[in-house]
Amino acid sequence: MDKSKRPFLKSKRSFRRRLPPIQSGDRISYRNMSLISRFISEQGKILSRRVNRLTLKQQRLITMAIKQARILSLLPFLNNEKQFERAELTDRTTGLRTRIKRVYS
């Protein structure tokens with residue numbers, strides 16, 4: 001049989017199986033900040049299951065733990081450090097523009 005007559009057979013590529021992000025000994029709890037912080041983006045959002053490579057059950061437990069940690073003030077709800085910096089920069093630039101306009105008026 002020719003290869004051209006077998007269009008639906010997949011090529012046998014070797015792939016490296018990724019290690020699961022949560023080991024069997026890791027306990028998913030709101031107090032385990034080193035574990036929880038791996039599943040939060042820079043903005044403070046919970047990363048999706050595809051990005052985390054977690055099972056559905058693990059993702060649910062991680063989500064509940066993150067929400068508990070937020071309620072108990074162990075984690076911030078939002079990480080707005082960059083937004084504050086941008087707001088300060090825009091205030092400074094708009095302030096300069098208004099001063100320049102006032103001088104010329």
# chains A, B, ... in the order shown; residues from 1 in each chain; ligands from 1
call {"tool": "residues_around", "arguments": {"residues": "Arg50 of chain A", "least_positions_apart": "5", "cutoff": "12 Å", "atoms": "only C-alpha atoms", "output": "compact mmCIF listing (two decimals) with C-alpha atoms, in the first residue's frame"}}
result
# COMPACT_ATOMS: atom_id res chain seq x y z
CA PRO A 21 2.33 21.02 37.68
CA PHE A 39 -1.50 29.67 38.89
CA THR A 55 -7.23 18.30 35.56
CA LEU A 56 -10.74 19.62 36.04
CA GLN A 59 -8.48 23.45 38.62
call {"tool": "residues_around", "arguments": {"residues": "Gln23 of chain A", "least_positions_apart": "6", "cutoff": "12 Å", "atoms": "only C-alpha atoms", "output": "list in words"}}
result
Leu35, Leu54 and Gln58 of chain A
call {"tool": "write_last_selection", "arguments": {"atoms": "N, CA and C atoms", "output": "compact mmCIF listing (two decimals), in the first residue's frame"}}
result
# COMPACT_ATOMS: atom_id res chain seq x y z
N LEU A 35 2.34 27.30 46.08
CA LEU A 35 1.62 26.54 45.05
C LEU A 35 0.62 27.43 44.34
N LEU A 54 -3.85 21.47 34.15
CA LEU A 54 -4.41 20.79 35.31
C LEU A 54 -5.62 19.97 34.90
N GLN A 58 -8.48 19.41 39.83
CA GLN A 58 -7.41 20.23 40.37
C GLN A 58 -7.68 21.71 40.12
call {"tool": "residues_around", "arguments": {"residues": "Arg38 of chain A", "least_positions_apart": "6", "cutoff": "10 Å", "atoms": "only C-alpha atoms", "output": "list in words"}}
result
Pro21, Ile46, Leu47 and Asn52 of chain A
call {"tool": "decode", "arguments": {"residues": "segment 56-73 of chain A", "atoms": "N, CA, C and O atoms", "output": "PDB file, in the first residue's frame"}}
result
ATOM      1  N   LEU A  56      -9.579  18.819  35.673  1.00  0.00           N
ATOM      2  CA  LEU A  56     -10.744  19.618  36.037  1.00  0.00           C
ATOM      3  C   LEU A  56     -10.875  19.722  37.554  1.00  0.00           C
ATOM      4  O   LEU A  56     -11.135  20.798  38.107  1.00  0.00           O
ATOM      5  N   LYS A  57     -10.670  18.622  38.241  1.00  0.00           N
ATOM      6  CA  LYS A  57     -10.788  18.602  39.696  1.00  0.00           C
ATOM      7  C   LYS A  57      -9.718  19.493  40.337  1.00  0.00           C
ATOM      8  O   LYS A  57     -10.006  20.268  41.253  1.00  0.00           O
ATOM      9  N   GLN A  58      -8.481  19.407  39.830  1.00  0.00           N
ATOM     10  CA  GLN A  58      -7.408  20.234  40.370  1.00  0.00           C
ATOM     11  C   GLN A  58      -7.677  21.712  40.124  1.00  0.00           C
ATOM     12  O   GLN A  58      -7.441  22.543  41.003  1.00  0.00           O
ATOM     13  N   GLN A  59      -8.191  22.049  38.933  1.00  0.00           N
ATOM     14  CA  GLN A  59      -8.475  23.450  38.623  1.00  0.00           C
ATOM     15  C   GLN A  59      -9.560  23.995  39.549  1.00  0.00           C
ATOM     16  O   GLN A  59      -9.472  25.129  40.013  1.00  0.00           O
ATOM     17  N   ARG A  60     -10.576  23.196  39.834  1.00  0.00           N
ATOM     18  CA  ARG A  60     -11.623  23.635  40.758  1.00  0.00           C
ATOM     19  C   ARG A  60     -11.052  23.891  42.145  1.00  0.00           C
ATOM     20  O   ARG A  60     -11.377  24.885  42.794  1.00  0.00           O
ATOM     21  N   LEU A  61     -10.212  22.966  42.621  1.00  0.00           N
ATOM     22  CA  LEU A  61      -9.612  23.130  43.950  1.00  0.00           C
ATOM     23  C   LEU A  61      -8.702  24.345  44.003  1.00  0.00           C
ATOM     24  O   LEU A  61      -8.699  25.093  44.989  1.00  0.00           O
ATOM     25  N   ILE A  62      -7.922  24.569  42.950  1.00  0.00           N
ATOM     26  CA  ILE A  62      -7.036  25.736  42.890  1.00  0.00           C
ATOM     27  C   ILE A  62      -7.864  27.017  42.902  1.00  0.00           C
ATOM     28  O   ILE A  62      -7.544  27.967  43.613  1.00  0.00           O
ATOM     29  N   THR A  63      -8.940  27.045  42.120  1.00  0.00           N
ATOM     30  CA  THR A  63      -9.796  28.228  42.058  1.00  0.00           C
ATOM     31  C   THR A  63     -10.406  28.533  43.418  1.00  0.00           C
ATOM     32  O   THR A  63     -10.417  29.687  43.861  1.00  0.00           O
ATOM     33  N   MET A  64     -10.895  27.516  44.096  1.00  0.00           N
ATOM     34  CA  MET A  64     -11.486  27.721  45.423  1.00  0.00           C
ATOM     35  C   MET A  64     -10.428  28.205  46.415  1.00  0.00           C
ATOM     36  O   MET A  64     -10.691  29.098  47.226  1.00  0.00           O
ATOM     37  N   ALA A  65      -9.221  27.645  46.338  1.00  0.00           N
ATOM     38  CA  ALA A  65      -8.148  28.050  47.249  1.00  0.00           C
ATOM     39  C   ALA A  65      -7.746  29.498  46.999  1.00  0.00           C
ATOM     40  O   ALA A  65      -7.525  30.265  47.948  1.00  0.00           O
ATOM     41  N   ILE A  66      -7.670  29.904  45.737  1.00  0.00           N
ATOM     42  CA  ILE A  66      -7.306  31.293  45.405  1.00  0.00           C
ATOM     43  C   ILE A  66      -8.376  32.244  45.918  1.00  0.00           C
ATOM     44  O   ILE A  66      -8.068  33.287  46.500  1.00  0.00           O
ATOM     45  N   LYS A  67      -9.636  31.883  45.740  1.00  0.00           N
ATOM     46  CA  LYS A  67     -10.726  32.751  46.197  1.00  0.00           C
ATOM     47  C   LYS A  67     -10.740  32.866  47.721  1.00  0.00           C
ATOM     48  O   LYS A  67     -10.968  33.949  48.272  1.00  0.00           O
ATOM     49  N   GLN A  68     -10.468  31.766  48.408  1.00  0.00           N
ATOM     50  CA  GLN A  68     -10.389  31.827  49.870  1.00  0.00           C
ATOM     51  C   GLN A  68      -9.232  32.708  50.315  1.00  0.00           C
ATOM     52  O   GLN A  68      -9.370  33.511  51.240  1.00  0.00           O
ATOM     53  N   ALA A  69      -8.092  32.571  49.662  1.00  0.00           N
ATOM     54  CA  ALA A  69      -6.925  33.386  50.016  1.00  0.00           C
ATOM     55  C   ALA A  69      -7.191  34.864  49.757  1.00  0.00           C
ATOM     56  O   ALA A  69      -6.746  35.724  50.526  1.00  0.00           O
ATOM     57  N   ARG A  70      -7.938  35.176  48.707  1.00  0.00           N
ATOM     58  CA  ARG A  70      -8.289  36.572  48.433  1.00  0.00           C
ATOM     59  C   ARG A  70      -9.205  37.123  49.516  1.00  0.00           C
ATOM     60  O   ARG A  70      -9.021  38.250  49.982  1.00  0.00           O
ATOM     61  N   ILE A  71     -10.185  36.333  49.917  1.00  0.00           N
ATOM     62  CA  ILE A  71     -11.129  36.787  50.941  1.00  0.00           C
ATOM     63  C   ILE A  71     -10.419  37.021  52.271  1.00  0.00           C
ATOM     64  O   ILE A  71     -10.721  37.969  52.992  1.00  0.00           O
ATOM     65  N   LEU A  72      -9.448  36.175  52.594  1.00  0.00           N
ATOM     66  CA  LEU A  72      -8.708  36.301  53.845  1.00  0.00           C
ATOM     67  C   LEU A  72      -7.536  37.283  53.732  1.00  0.00           C
ATOM     68  O   LEU A  72      -6.706  37.361  54.635  1.00  0.00           O
ATOM     69  N   SER A  73      -7.463  38.016  52.623  1.00  0.00           N
ATOM     70  CA  SER A  73      -6.430  39.032  52.375  1.00  0.00           C
ATOM     71  C   SER A  73      -5.025  38.457  52.317  1.00  0.00           C
ATOM     72  O   SER A  73      -4.050  39.141  52.626  1.00  0.00           O
TER      73      SER A  73
END
